[in-house]
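Student: To start, I am sharing the structure in question, which I have written as structure tokens.
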Amino acid sequence: MDFLAPVINGFGVVLEPTNLLYCLIGVVIGMLIGVLPGLGPAATIAILLPLTYGVEPVTAIIMLSGIFYGAQYGGTITSVLLRLPGEASSVVTVFDGFALARQGRAGTALGIAAIGSFFGGTVAIIGLTLLAPIVAGFALDFGPPEYTALAMLGILLVATVSNGSKLKSIIAASLGLLLATVGRDTFTGEARFTFDNLSLADGLDFVPIAMGIFGLGEILYNLEERHNKVQAPAKVANVWPSRKDLKESSGAIGRGSVLGFFLGILPGGGATIASLAAYAMEKKRARNPERFGRGAVEGVAAPESANNAAATSSFIPLLTLGIPANATMAIIFGALLIQGVTPGPQLVQNDPELFWGVVNSMYIGNILLLIMSIPLVGIFVKILRVRAAILAPITVLITLIGVYTINNSIFDIWLVIAFGLLGYMMKKFGFEPGPLVLAFVLGSLLEENLRRSLLVFGGDPAGFVGRPISGVLLLAFLAVMLLPLLQKAVRKTRTPARPVEALHEEKERV
Amino acid sequence: MISASNEAVPSGGSVRHAAAGNGTSPAIADELAEPLTPEQLAAEWEEERPPHAGPLANVAAAVAAAGLGTAGLITSMGMGLGSPEKPEPGLWPFIISLVMITMSVALLLFGRKKLDAEAFSSSSWQVAAGIATLVGFVLVVGVTGFEIPTLLLTFIWLKFLGKETWRMSVLLSFAVTAAFYLIFVVALSVPIPHLF
């Protein structure tokens, strides 16, 4: 019962009116940005970071995580109705979702997706509740060498699993690490890369970088690539799936949830990969796979359950190890740091209210989302008519004024514009922004632990291999590094990539 | 609770789509009616994407990154590297700069042909114009308060970057400015410079 007491106390935190309100705000915003083409969850969370300054840490994270998993629900709507994936994690839903919509069964697709998302999310929260304290307990013994290896592996995985060129992602990550060194050196107090600029003396803030690269960069990029083809969607008749549909898809929902949960935990994994994998698995398992792409309910159920489960379970590495598994988690990590909370193995014990408050808020959030996606789906379908051209100046102004409000500093607005330009250029030249921001967030942690470990080992890098956990992590690091080179050698003799892989190359809107 | 929509109507959806899309051209409606396999859809998305920039874009990116890495390398050497037992402030940035240069050279040698960069087009000027309005906003905001630059920025983005109508642009830019004033100044009392 000792284990359950803090979990139940967490519900007390969630049920405070403020937290409930922010949970509602979070999931509504998440749903909206999922529906509206253009901004993804990472960009939105980045833009809204200034909002979290005035509130309690637990309230802030409840809202931000609501945006993240809410977007997984919302992204489905455009996939099914318009054949435009609202989020990268809903790309595969397009195949069967849109096919179902064409047969006049858009409602069925949306209903199954909502139920699958709810189930996947709930399974993942329960898994998170059970698994997170165990992982955290295990990680309590981690010392500087383990953290060094873990952070390096985390950055490398996010860089190599992302869609773009791996070389470019590693370049972006090293730029992020370099940016993290700007300011005073924590060990010696010496100023680094400050160019005698007083505003840089304390280092670069995370918020202007995230807001610039994710938020403004995305807005500028969309300015060029307007989604001109957005048309008014079909009316959605009935979103309550029949018993037959539910029966057909229940297996897919279950399998998708479990697969998504595990893929979400892996660093570099996350909602997008989970949905792709779940779709591929269902197609492989199916007795007649040719139904897929022609309106198979399982083709909607599996990826939608998986992406929501993965979105939820990707909180595990963040909240228990302090290592964000993907770009969105990196921003939530930054938001926690701003609030003076350092995520890590101690979080469950030292700050149980925050930990269980956030985890348990996801039950409420998922229920709210289920309500919004089944009875209220019509409202969100109407919102699809709002043109991107009208939203763009509003989001830009929220970004500019928002970043100013943090420190009342005009310099921060300049920073956002500079990083917005960088984010835009990176997108144009095929660099993923995720690895940069993630590396920036982990940069000082990595350097500090590396230097501490070197002090412990007396300068002998072989010491990393001598400790079992850091040794294994470094081995994994090497494997991730060398595997693609091996694969490349093998693939040269094989046929070109399969279509699902090609789709994966579709520019991810973060 | 039993769905009425589960009786499959093969063509019903597309007809409704065409009808609901008032204002869309018939071409789009036709295209939507066509069934597409995932492979065709992938090909179509590929076509819709902006044109690739040639290998030269990758060369430029690699050179820029290598230049940045070199600058980092030189600066960090100036800070002092120390030794692994006694690392000085420059050691860590030195290592990262080295990684960055290595990867840039690798990109230059092996990654040149991957066509993942996008070419700039005439619509890229819109982005340049957008950035110019942002710079203008920051320059003016400290002097005149945020109301006038907000109004102007919204109007330019709506009318010229967003191709909205005059009426819509004027009305909306006033509405947006008023809303921002109410939210940031009246409700949240954010200390942003303002006129009123």
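The way I read the labels, and the way they are meant: chains A, B, ... in the order of the structure tokens, residue 1 as the first residue of every chain, and ligand 1 as the first ligand shown, with later ones counted on from there.
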As a PyMOL selection string, please: the residues near A:Ala418 (cut-off 9 Å, only C-alpha atoms, same-chain neighbours under 5 positions excluded).
Tutor: chain A and resi 209+212-213+413+423
Student: When you look at A:Arg184 with a cut-off of 7 Å (counting only C-alpha atoms), what residues show up, excluding the ones that are within fewer than 3 positions of it in the same chain? I need them as number ranges by chain.
Tutor: A: 189-192, 201-203
Student: Just the selected residues (N, CA and C atoms), exported as a PDB file, in the first residue's frame, please.
Tutor:
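Full text of selection.pdb as output:
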ATOM      1  N   GLY A 189      34.451  29.353 -14.046  1.00  0.00           N
ATOM      2  CA  GLY A 189      33.891  30.691 -14.067  1.00  0.00           C
ATOM      3  C   GLY A 189      34.355  31.526 -15.245  1.00  0.00           C
ATOM      4  N   GLU A 190      35.150  30.912 -16.110  1.00  0.00           N
ATOM      5  CA  GLU A 190      35.643  31.672 -17.262  1.00  0.00           C
ATOM      6  C   GLU A 190      34.520  31.852 -18.296  1.00  0.00           C
ATOM      7  N   ALA A 191      34.488  33.020 -18.949  1.00  0.00           N
ATOM      8  CA  ALA A 191      33.458  33.283 -19.950  1.00  0.00           C
ATOM      9  C   ALA A 191      33.822  32.588 -21.254  1.00  0.00           C
ATOM     10  N   ARG A 192      32.834  31.909 -21.852  1.00  0.00           N
ATOM     11  CA  ARG A 192      33.084  31.226 -23.127  1.00  0.00           C
ATOM     12  C   ARG A 192      32.126  31.741 -24.195  1.00  0.00           C
ATOM     13  N   ALA A 201      26.537  36.779 -21.067  1.00  0.00           N
ATOM     14  CA  ALA A 201      27.413  36.351 -19.973  1.00  0.00           C
ATOM     15  C   ALA A 201      26.832  35.187 -19.183  1.00  0.00           C
ATOM     16  N   ASP A 202      25.511  35.167 -19.017  1.00  0.00           N
ATOM     17  CA  ASP A 202      24.899  34.078 -18.261  1.00  0.00           C
ATOM     18  C   ASP A 202      24.469  32.923 -19.148  1.00  0.00           C
ATOM     19  N   GLY A 203      24.893  32.963 -20.385  1.00  0.00           N
ATOM     20  CA  GLY A 203      24.548  31.875 -21.285  1.00  0.00           C
ATOM     21  C   GLY A 203      23.265  32.157 -22.035  1.00  0.00           C
TER      22      GLY A 203
END
Student: List as a ChimeraX atom specification the protein and nucleic acid residues near A:Thr312, meaning an atom at most 8 Å away when only C-alpha atoms are counted, but skip any in the same chain fewer than 4 places from it.
Tutor: /A:69,121,124-125,128,261,264,308
Student: How about saving the chosen residues, N, CA and C atoms kept, as a short mmCIF file (atom, residue, chain, number, x, y, z; two decimals), in the first residue's frame?
Tutor:
data_model
loop_
_atom_site.label_atom_id
_atom_site.label_comp_id
_atom_site.auth_asym_id
_atom_site.auth_seq_id
_atom_site.Cartn_x
_atom_site.Cartn_y
_atom_site.Cartn_z
N TYR A 69 -0.16 15.14 -25.94
CA TYR A 69 -0.98 13.97 -26.30
C TYR A 69 -2.30 14.38 -26.94
N GLY A 121 -3.63 5.44 -24.75
CA GLY A 121 -3.17 6.38 -23.74
C GLY A 121 -3.31 5.81 -22.34
N ALA A 124 -0.84 3.12 -21.56
CA ALA A 124 0.49 3.68 -21.35
C ALA A 124 0.59 4.38 -20.00
N ILE A 125 -0.48 5.02 -19.54
CA ILE A 125 -0.42 5.68 -18.22
C ILE A 125 -0.25 4.62 -17.14
N LEU A 128 3.17 3.45 -17.30
CA LEU A 128 4.04 4.50 -16.75
C LEU A 128 4.02 4.47 -15.23
N PHE A 261 3.66 1.65 -26.58
CA PHE A 261 4.21 1.90 -25.24
C PHE A 261 5.72 1.63 -25.23
N GLY A 264 7.77 4.04 -27.40
CA GLY A 264 7.83 5.39 -26.84
C GLY A 264 8.91 5.54 -25.79
N ASN A 308 -0.59 7.30 -29.54
CA ASN A 308 -0.96 7.88 -28.25
C ASN A 308 -0.26 7.19 -27.09
#
Student: Can you tell me which residues surround stretch 139-151 of chain A at a distance of at most 9 Å, considering only C-alpha atoms, apart from same-chain residues fewer than 6 positions away, and format the answer as JSON, numbers by chain?
Tutor: {"A": [320, 321, 323, 344, 345, 346, 439, 442, 443, 445, 446, 447, 448, 449, 450, 451, 452, 453, 454, 456, 463, 464, 467, 469, 470, 471, 472, 473, 474, 477]}
Student: May I have the residues from that selection written out with N, CA and C atoms, as an mmCIF file, in the first residue's frame?
Tutor:
data_model
loop_
_atom_site.group_PDB
_atom_site.id
_atom_site.type_symbol
_atom_site.label_atom_id
_atom_site.label_comp_id
_atom_site.auth_asym_id
_atom_site.auth_seq_id
_atom_site.Cartn_x
_atom_site.Cartn_y
_atom_site.Cartn_z
ATOM 1 N N THR A 320 12.080 9.833 -15.271
ATOM 2 C CA THR A 320 12.818 8.935 -14.389
ATOM 3 C C THR A 320 14.325 9.043 -14.563
ATOM 4 N N LEU A 321 14.794 9.338 -15.764
ATOM 5 C CA LEU A 321 16.232 9.432 -15.986
ATOM 6 C C LEU A 321 16.675 10.865 -16.212
ATOM 7 N N ILE A 323 16.373 12.180 -19.120
ATOM 8 C CA ILE A 323 16.842 12.191 -20.498
ATOM 9 C C ILE A 323 15.619 12.256 -21.401
ATOM 10 N N GLY A 344 14.767 13.694 -12.993
ATOM 11 C CA GLY A 344 15.778 12.664 -12.784
ATOM 12 C C GLY A 344 15.242 11.619 -11.837
ATOM 13 N N PRO A 345 16.059 10.646 -11.485
ATOM 14 C CA PRO A 345 15.583 9.552 -10.651
ATOM 15 C C PRO A 345 15.034 10.012 -9.301
ATOM 16 N N GLN A 346 15.481 11.174 -8.820
ATOM 17 C CA GLN A 346 15.010 11.618 -7.504
ATOM 18 C C GLN A 346 13.605 12.205 -7.563
ATOM 19 N N ALA A 439 20.111 18.552 -27.906
ATOM 20 C CA ALA A 439 21.513 18.620 -27.507
ATOM 21 C C ALA A 439 21.760 19.866 -26.668
ATOM 22 N N LEU A 442 20.574 19.141 -23.161
ATOM 23 C CA LEU A 442 21.411 18.191 -22.429
ATOM 24 C C LEU A 442 22.860 18.642 -22.341
ATOM 25 N N GLY A 443 23.199 19.703 -23.079
ATOM 26 C CA GLY A 443 24.601 20.099 -23.201
ATOM 27 C C GLY A 443 25.323 20.290 -21.892
ATOM 28 N N LEU A 445 24.474 19.391 -18.863
ATOM 29 C CA LEU A 445 24.458 18.155 -18.078
ATOM 30 C C LEU A 445 25.558 17.211 -18.556
ATOM 31 N N LEU A 446 25.669 17.098 -19.884
ATOM 32 C CA LEU A 446 26.663 16.198 -20.460
ATOM 33 C C LEU A 446 28.075 16.653 -20.115
ATOM 34 N N GLU A 447 28.341 17.954 -20.315
ATOM 35 C CA GLU A 447 29.689 18.438 -20.049
ATOM 36 C C GLU A 447 30.053 18.280 -18.577
ATOM 37 N N GLU A 448 29.099 18.649 -17.724
ATOM 38 C CA GLU A 448 29.381 18.576 -16.294
ATOM 39 C C GLU A 448 29.723 17.151 -15.881
ATOM 40 N N ASN A 449 28.914 16.199 -16.346
ATOM 41 C CA ASN A 449 29.149 14.810 -15.952
ATOM 42 C C ASN A 449 30.407 14.251 -16.571
ATOM 43 N N LEU A 450 30.686 14.661 -17.800
ATOM 44 C CA LEU A 450 31.909 14.189 -18.447
ATOM 45 C C LEU A 450 33.129 14.667 -17.660
ATOM 46 N N ARG A 451 33.118 15.939 -17.302
ATOM 47 C CA ARG A 451 34.275 16.475 -16.594
ATOM 48 C C ARG A 451 34.391 15.882 -15.197
ATOM 49 N N ARG A 452 33.245 15.681 -14.545
ATOM 50 C CA ARG A 452 33.281 15.028 -13.228
ATOM 51 C C ARG A 452 33.836 13.630 -13.328
ATOM 52 N N SER A 453 33.360 12.882 -14.351
ATOM 53 C CA SER A 453 33.843 11.501 -14.469
ATOM 54 C C SER A 453 35.334 11.485 -14.739
ATOM 55 N N LEU A 454 35.779 12.417 -15.581
ATOM 56 C CA LEU A 454 37.219 12.451 -15.875
ATOM 57 C C LEU A 454 38.008 12.729 -14.596
ATOM 58 N N VAL A 456 37.017 11.830 -11.610
ATOM 59 C CA VAL A 456 36.955 10.586 -10.827
ATOM 60 C C VAL A 456 37.955 9.570 -11.356
ATOM 61 N N GLY A 463 38.033 4.352 -17.894
ATOM 62 C CA GLY A 463 37.196 4.175 -16.719
ATOM 63 C C GLY A 463 35.726 4.006 -17.052
ATOM 64 N N PHE A 464 35.272 4.615 -18.164
ATOM 65 C CA PHE A 464 33.878 4.490 -18.573
ATOM 66 C C PHE A 464 33.520 3.048 -18.864
ATOM 67 N N ARG A 467 32.996 0.504 -15.720
ATOM 68 C CA ARG A 467 31.743 0.391 -14.954
ATOM 69 C C ARG A 467 30.702 -0.277 -15.837
ATOM 70 N N ILE A 469 27.355 -0.393 -16.213
ATOM 71 C CA ILE A 469 26.237 0.272 -16.894
ATOM 72 C C ILE A 469 26.733 1.255 -17.944
ATOM 73 N N SER A 470 27.729 2.068 -17.556
ATOM 74 C CA SER A 470 28.220 3.028 -18.548
ATOM 75 C C SER A 470 28.899 2.289 -19.699
ATOM 76 N N GLY A 471 29.534 1.138 -19.381
ATOM 77 C CA GLY A 471 30.164 0.341 -20.440
ATOM 78 C C GLY A 471 29.142 -0.129 -21.454
ATOM 79 N N VAL A 472 28.027 -0.674 -20.952
ATOM 80 C CA VAL A 472 26.977 -1.183 -21.849
ATOM 81 C C VAL A 472 26.389 -0.036 -22.674
ATOM 82 N N LEU A 473 26.164 1.099 -22.013
ATOM 83 C CA LEU A 473 25.587 2.243 -22.723
ATOM 84 C C LEU A 473 26.521 2.721 -23.825
ATOM 85 N N LEU A 474 27.823 2.733 -23.526
ATOM 86 C CA LEU A 474 28.775 3.167 -24.546
ATOM 87 C C LEU A 474 28.852 2.164 -25.695
ATOM 88 N N PHE A 477 26.093 2.900 -27.791
ATOM 89 C CA PHE A 477 26.436 4.108 -28.533
ATOM 90 C C PHE A 477 27.220 3.743 -29.794
#
Student: Can you list, as a count of residues only, every protein, DNA or RNA residue that comes within 8 Å of stretch 359-371 of chain A when you count only C-alpha atoms, leaving out same-chain residues fewer than 5 positions away?
Tutor: 23
Student: List the spatial neighbours of stretch 65-81 of chain B as a list in words - criterion: any atom at most 6 Å away, only C-alpha atoms, same-chain residues fewer than 4 positions off excluded.
Tutor: Glu88, Gly90, Leu91, Pro93, Phe94, Ser97, Met100, Ile101 and Ser104 of chain B
Student: Selection from above, C-alpha atoms, as a CSV table (one decimal), in the first residue's frame, can you write it?
Tutor:
chain,number,residue,atom,x,y,z
B,88,GLU,CA,40.2,23.5,-18.9
B,90,GLY,CA,38.2,24.9,-23.8
B,91,LEU,CA,38.4,21.1,-23.9
B,93,PRO,CA,33.9,22.9,-26.9
B,94,PHE,CA,37.1,21.7,-28.6
B,97,SER,CA,34.0,21.5,-32.7
B,100,MET,CA,31.3,19.1,-36.1
B,101,ILE,CA,34.1,19.5,-38.5
B,104,SER,CA,30.8,18.4,-42.1
Student: Write out as a ChimeraX atom specification each polymer residue whose atoms come within 8 Å of stretch 145-147 of chain B, counting only C-alpha atoms; drop sequence neighbours fewer than 2 positions from it.
Tutor: /B:140-143,149-151,177,181,192-195
Student: Can I get the selection written as a PDB file, in the first residue's frame, with N, CA and C atoms?
Tutor:
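The file below, again.pdb, is the result:
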ATOM      1  N   VAL B 140      10.901  49.191 -33.658  1.00  0.00           N
ATOM      2  CA  VAL B 140       9.905  50.218 -33.349  1.00  0.00           C
ATOM      3  C   VAL B 140       9.289  50.035 -31.961  1.00  0.00           C
ATOM      4  N   VAL B 141       9.236  48.786 -31.497  1.00  0.00           N
ATOM      5  CA  VAL B 141       8.434  48.513 -30.299  1.00  0.00           C
ATOM      6  C   VAL B 141       8.930  49.285 -29.074  1.00  0.00           C
ATOM      7  N   GLY B 142      10.248  49.471 -28.967  1.00  0.00           N
ATOM      8  CA  GLY B 142      10.787  50.178 -27.816  1.00  0.00           C
ATOM      9  C   GLY B 142      10.463  51.668 -27.860  1.00  0.00           C
ATOM     10  N   VAL B 143      10.235  52.182 -29.070  1.00  0.00           N
ATOM     11  CA  VAL B 143      10.031  53.629 -29.239  1.00  0.00           C
ATOM     12  C   VAL B 143       8.558  54.004 -29.112  1.00  0.00           C
ATOM     13  N   PRO B 149       3.219  48.873 -34.154  1.00  0.00           N
ATOM     14  CA  PRO B 149       3.869  47.782 -34.893  1.00  0.00           C
ATOM     15  C   PRO B 149       3.017  46.516 -34.975  1.00  0.00           C
ATOM     16  N   THR B 150       2.241  46.216 -33.942  1.00  0.00           N
ATOM     17  CA  THR B 150       1.373  45.034 -33.991  1.00  0.00           C
ATOM     18  C   THR B 150       0.351  45.171 -35.114  1.00  0.00           C
ATOM     19  N   LEU B 151      -0.263  46.348 -35.171  1.00  0.00           N
ATOM     20  CA  LEU B 151      -1.264  46.610 -36.205  1.00  0.00           C
ATOM     21  C   LEU B 151      -0.647  46.457 -37.592  1.00  0.00           C
ATOM     22  N   THR B 177      -5.026  43.495 -32.837  1.00  0.00           N
ATOM     23  CA  THR B 177      -4.325  44.437 -31.967  1.00  0.00           C
ATOM     24  C   THR B 177      -5.128  44.687 -30.697  1.00  0.00           C
ATOM     25  N   TYR B 181      -4.002  43.839 -26.902  1.00  0.00           N
ATOM     26  CA  TYR B 181      -3.989  44.875 -25.869  1.00  0.00           C
ATOM     27  C   TYR B 181      -4.771  44.395 -24.653  1.00  0.00           C
ATOM     28  N   ILE B 192       5.006  45.267 -21.226  1.00  0.00           N
ATOM     29  CA  ILE B 192       5.458  45.558 -22.589  1.00  0.00           C
ATOM     30  C   ILE B 192       5.228  47.047 -22.858  1.00  0.00           C
ATOM     31  N   PRO B 193       6.148  47.721 -23.564  1.00  0.00           N
ATOM     32  CA  PRO B 193       5.926  49.141 -23.830  1.00  0.00           C
ATOM     33  C   PRO B 193       4.617  49.334 -24.594  1.00  0.00           C
ATOM     34  N   HIS B 194       3.758  50.209 -24.085  1.00  0.00           N
ATOM     35  CA  HIS B 194       2.491  50.454 -24.795  1.00  0.00           C
ATOM     36  C   HIS B 194       2.115  51.919 -24.736  1.00  0.00           C
ATOM     37  N   LEU B 195       1.239  52.311 -25.670  1.00  0.00           N
ATOM     38  CA  LEU B 195       0.886  53.719 -25.821  1.00  0.00           C
ATOM     39  C   LEU B 195      -0.147  54.157 -24.790  1.00  0.00           C
TER      40      LEU B 195
END
Student: If DSSP is run on the backbone, what residues of stretch 126-275 of chain A are alpha helix (DSSP H)? A reply as a PDB file with C-alpha atoms, in the first residue's frame would be ideal.
Tutor:
ATOM      1  CA  ILE A 126      -0.877   2.461 -16.268  1.00  0.00           C
ATOM      2  CA  GLY A 127       2.437   1.195 -17.648  1.00  0.00           C
ATOM      3  CA  LEU A 128       4.040   4.501 -16.746  1.00  0.00           C
ATOM      4  CA  THR A 129       2.663   4.276 -13.213  1.00  0.00           C
ATOM      5  CA  LEU A 130       4.077   0.790 -12.725  1.00  0.00           C
ATOM      6  CA  LEU A 131       7.331   1.088 -14.617  1.00  0.00           C
ATOM      7  CA  ALA A 132       8.513   4.611 -13.819  1.00  0.00           C
ATOM      8  CA  PRO A 133       9.256   4.089 -10.109  1.00  0.00           C
ATOM      9  CA  ILE A 134      11.197   0.921 -10.954  1.00  0.00           C
ATOM     10  CA  VAL A 135      13.307   2.650 -13.587  1.00  0.00           C
ATOM     11  CA  ALA A 136      13.848   5.579 -11.258  1.00  0.00           C
ATOM     12  CA  GLY A 137      14.906   3.245  -8.461  1.00  0.00           C
ATOM     13  CA  PHE A 138      17.352   1.526 -10.748  1.00  0.00           C
ATOM     14  CA  ALA A 139      18.764   4.847 -11.929  1.00  0.00           C
ATOM     15  CA  PRO A 144      28.470  10.932 -13.558  1.00  0.00           C
ATOM     16  CA  PRO A 145      29.891   8.271 -15.923  1.00  0.00           C
ATOM     17  CA  GLU A 146      26.460   6.680 -16.419  1.00  0.00           C
ATOM     18  CA  TYR A 147      24.869  10.038 -17.055  1.00  0.00           C
ATOM     19  CA  THR A 148      27.576  10.946 -19.525  1.00  0.00           C
ATOM     20  CA  ALA A 149      27.022   7.744 -21.470  1.00  0.00           C
ATOM     21  CA  LEU A 150      23.229   8.011 -21.247  1.00  0.00           C
ATOM     22  CA  ALA A 151      23.144  11.614 -22.465  1.00  0.00           C
ATOM     23  CA  MET A 152      25.483  10.801 -25.343  1.00  0.00           C
ATOM     24  CA  LEU A 153      23.385   7.808 -26.340  1.00  0.00           C
ATOM     25  CA  GLY A 154      20.194   9.847 -26.044  1.00  0.00           C
ATOM     26  CA  ILE A 155      21.471  12.604 -28.303  1.00  0.00           C
ATOM     27  CA  LEU A 156      22.876  10.146 -30.829  1.00  0.00           C
ATOM     28  CA  LEU A 157      19.646   8.148 -30.950  1.00  0.00           C
ATOM     29  CA  VAL A 158      17.498  11.206 -31.471  1.00  0.00           C
ATOM     30  CA  ALA A 159      19.882  12.369 -34.173  1.00  0.00           C
ATOM     31  CA  THR A 160      20.027   9.070 -36.025  1.00  0.00           C
ATOM     32  CA  VAL A 161      16.412   8.008 -35.692  1.00  0.00           C
ATOM     33  CA  LYS A 166      22.118  11.398 -40.101  1.00  0.00           C
ATOM     34  CA  LEU A 167      25.241  13.416 -40.812  1.00  0.00           C
ATOM     35  CA  LYS A 168      23.223  16.596 -40.816  1.00  0.00           C
ATOM     36  CA  SER A 169      21.443  15.648 -37.619  1.00  0.00           C
ATOM     37  CA  ILE A 170      24.755  15.067 -35.851  1.00  0.00           C
ATOM     38  CA  ILE A 171      26.008  18.423 -37.115  1.00  0.00           C
ATOM     39  CA  ALA A 172      22.837  20.030 -35.742  1.00  0.00           C
ATOM     40  CA  ALA A 173      23.343  18.234 -32.432  1.00  0.00           C
ATOM     41  CA  SER A 174      26.928  19.425 -32.130  1.00  0.00           C
ATOM     42  CA  LEU A 175      25.803  22.973 -32.849  1.00  0.00           C
ATOM     43  CA  GLY A 176      23.321  22.568 -30.002  1.00  0.00           C
ATOM     44  CA  LEU A 177      26.071  21.341 -27.688  1.00  0.00           C
ATOM     45  CA  LEU A 178      28.253  24.256 -28.712  1.00  0.00           C
ATOM     46  CA  LEU A 179      25.452  26.744 -28.041  1.00  0.00           C
ATOM     47  CA  ALA A 180      25.045  25.235 -24.592  1.00  0.00           C
ATOM     48  CA  PHE A 206      16.473  27.785 -23.520  1.00  0.00           C
ATOM     49  CA  VAL A 207      13.193  29.576 -24.209  1.00  0.00           C
ATOM     50  CA  PRO A 208      14.288  31.942 -27.012  1.00  0.00           C
ATOM     51  CA  ILE A 209      16.119  29.067 -28.693  1.00  0.00           C
ATOM     52  CA  ALA A 210      13.154  26.702 -28.549  1.00  0.00           C
ATOM     53  CA  GLY A 217      11.287  28.745 -37.800  1.00  0.00           C
ATOM     54  CA  GLU A 218       8.176  26.672 -38.446  1.00  0.00           C
ATOM     55  CA  ILE A 219       6.013  29.758 -39.052  1.00  0.00           C
ATOM     56  CA  LEU A 220       8.518  31.218 -41.512  1.00  0.00           C
ATOM     57  CA  TYR A 221       8.793  27.889 -43.287  1.00  0.00           C
ATOM     58  CA  ASN A 222       5.018  27.666 -43.614  1.00  0.00           C
ATOM     59  CA  LEU A 223       4.945  31.170 -45.044  1.00  0.00           C
ATOM     60  CA  GLU A 224       6.613  29.725 -48.084  1.00  0.00           C
ATOM     61  CA  ARG A 243     -20.094  -3.194 -32.380  1.00  0.00           C
ATOM     62  CA  LYS A 244     -18.765  -5.012 -35.426  1.00  0.00           C
ATOM     63  CA  ASP A 245     -16.132  -2.346 -36.068  1.00  0.00           C
ATOM     64  CA  LEU A 246     -15.089  -2.419 -32.458  1.00  0.00           C
ATOM     65  CA  LYS A 247     -14.784  -6.168 -32.511  1.00  0.00           C
ATOM     66  CA  GLU A 248     -12.709  -6.070 -35.683  1.00  0.00           C
ATOM     67  CA  SER A 249     -10.337  -3.504 -34.332  1.00  0.00           C
ATOM     68  CA  SER A 250     -10.021  -4.531 -30.701  1.00  0.00           C
ATOM     69  CA  GLY A 251      -7.032  -6.755 -31.403  1.00  0.00           C
ATOM     70  CA  ALA A 252      -5.314  -4.045 -33.386  1.00  0.00           C
ATOM     71  CA  ILE A 253      -5.928  -1.524 -30.618  1.00  0.00           C
ATOM     72  CA  GLY A 254      -4.436  -3.847 -28.014  1.00  0.00           C
ATOM     73  CA  ARG A 255      -1.363  -4.728 -30.066  1.00  0.00           C
ATOM     74  CA  GLY A 256      -0.867  -1.127 -31.147  1.00  0.00           C
ATOM     75  CA  SER A 257      -1.046   0.105 -27.562  1.00  0.00           C
ATOM     76  CA  VAL A 258       1.577  -2.334 -26.313  1.00  0.00           C
ATOM     77  CA  LEU A 259       3.923  -1.777 -29.236  1.00  0.00           C
ATOM     78  CA  GLY A 260       3.514   1.989 -28.958  1.00  0.00           C
ATOM     79  CA  PHE A 261       4.211   1.895 -25.239  1.00  0.00           C
ATOM     80  CA  PHE A 262       7.550   0.156 -25.732  1.00  0.00           C
ATOM     81  CA  LEU A 263       8.621   2.209 -28.739  1.00  0.00           C
ATOM     82  CA  GLY A 264       7.826   5.386 -26.842  1.00  0.00           C
ATOM     83  CA  ILE A 265      10.233   4.521 -24.040  1.00  0.00           C
ATOM     84  CA  ALA A 271       4.751   8.702 -31.640  1.00  0.00           C
ATOM     85  CA  THR A 272       5.751   8.813 -35.313  1.00  0.00           C
ATOM     86  CA  ILE A 273       7.800   5.660 -35.349  1.00  0.00           C
ATOM     87  CA  ALA A 274       5.270   3.870 -33.176  1.00  0.00           C
ATOM     88  CA  SER A 275       2.448   4.571 -35.609  1.00  0.00           C
TER      89      SER A 275
END
Student: Would you please work out which residue, of A:Thr395, A:Pro17, A:Trp414, A:Asp460, is nearest to B:Leu153 when using only C-alpha atoms?
Tutor: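 Residue with the minimum atom-to-atom distance to B:Leu153: A:Thr395.
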Student: Taking only C-alpha atoms into account, which of B:Ala106, B:Ala117, B:Leu41, B:Val99 comes nearest A:Tyr424?
Tutor: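 Smallest distance to A:Tyr424 is found for B:Ala117.
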Student: When distances are computed from only C-alpha atoms, which of A:Ile8, A:Leu48, A:Ala301, A:Val94 shows the smallest separation from A:Thr108?
Tutor: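 The shortest atom-to-atom distance to A:Thr108 comes from A:Ala301.
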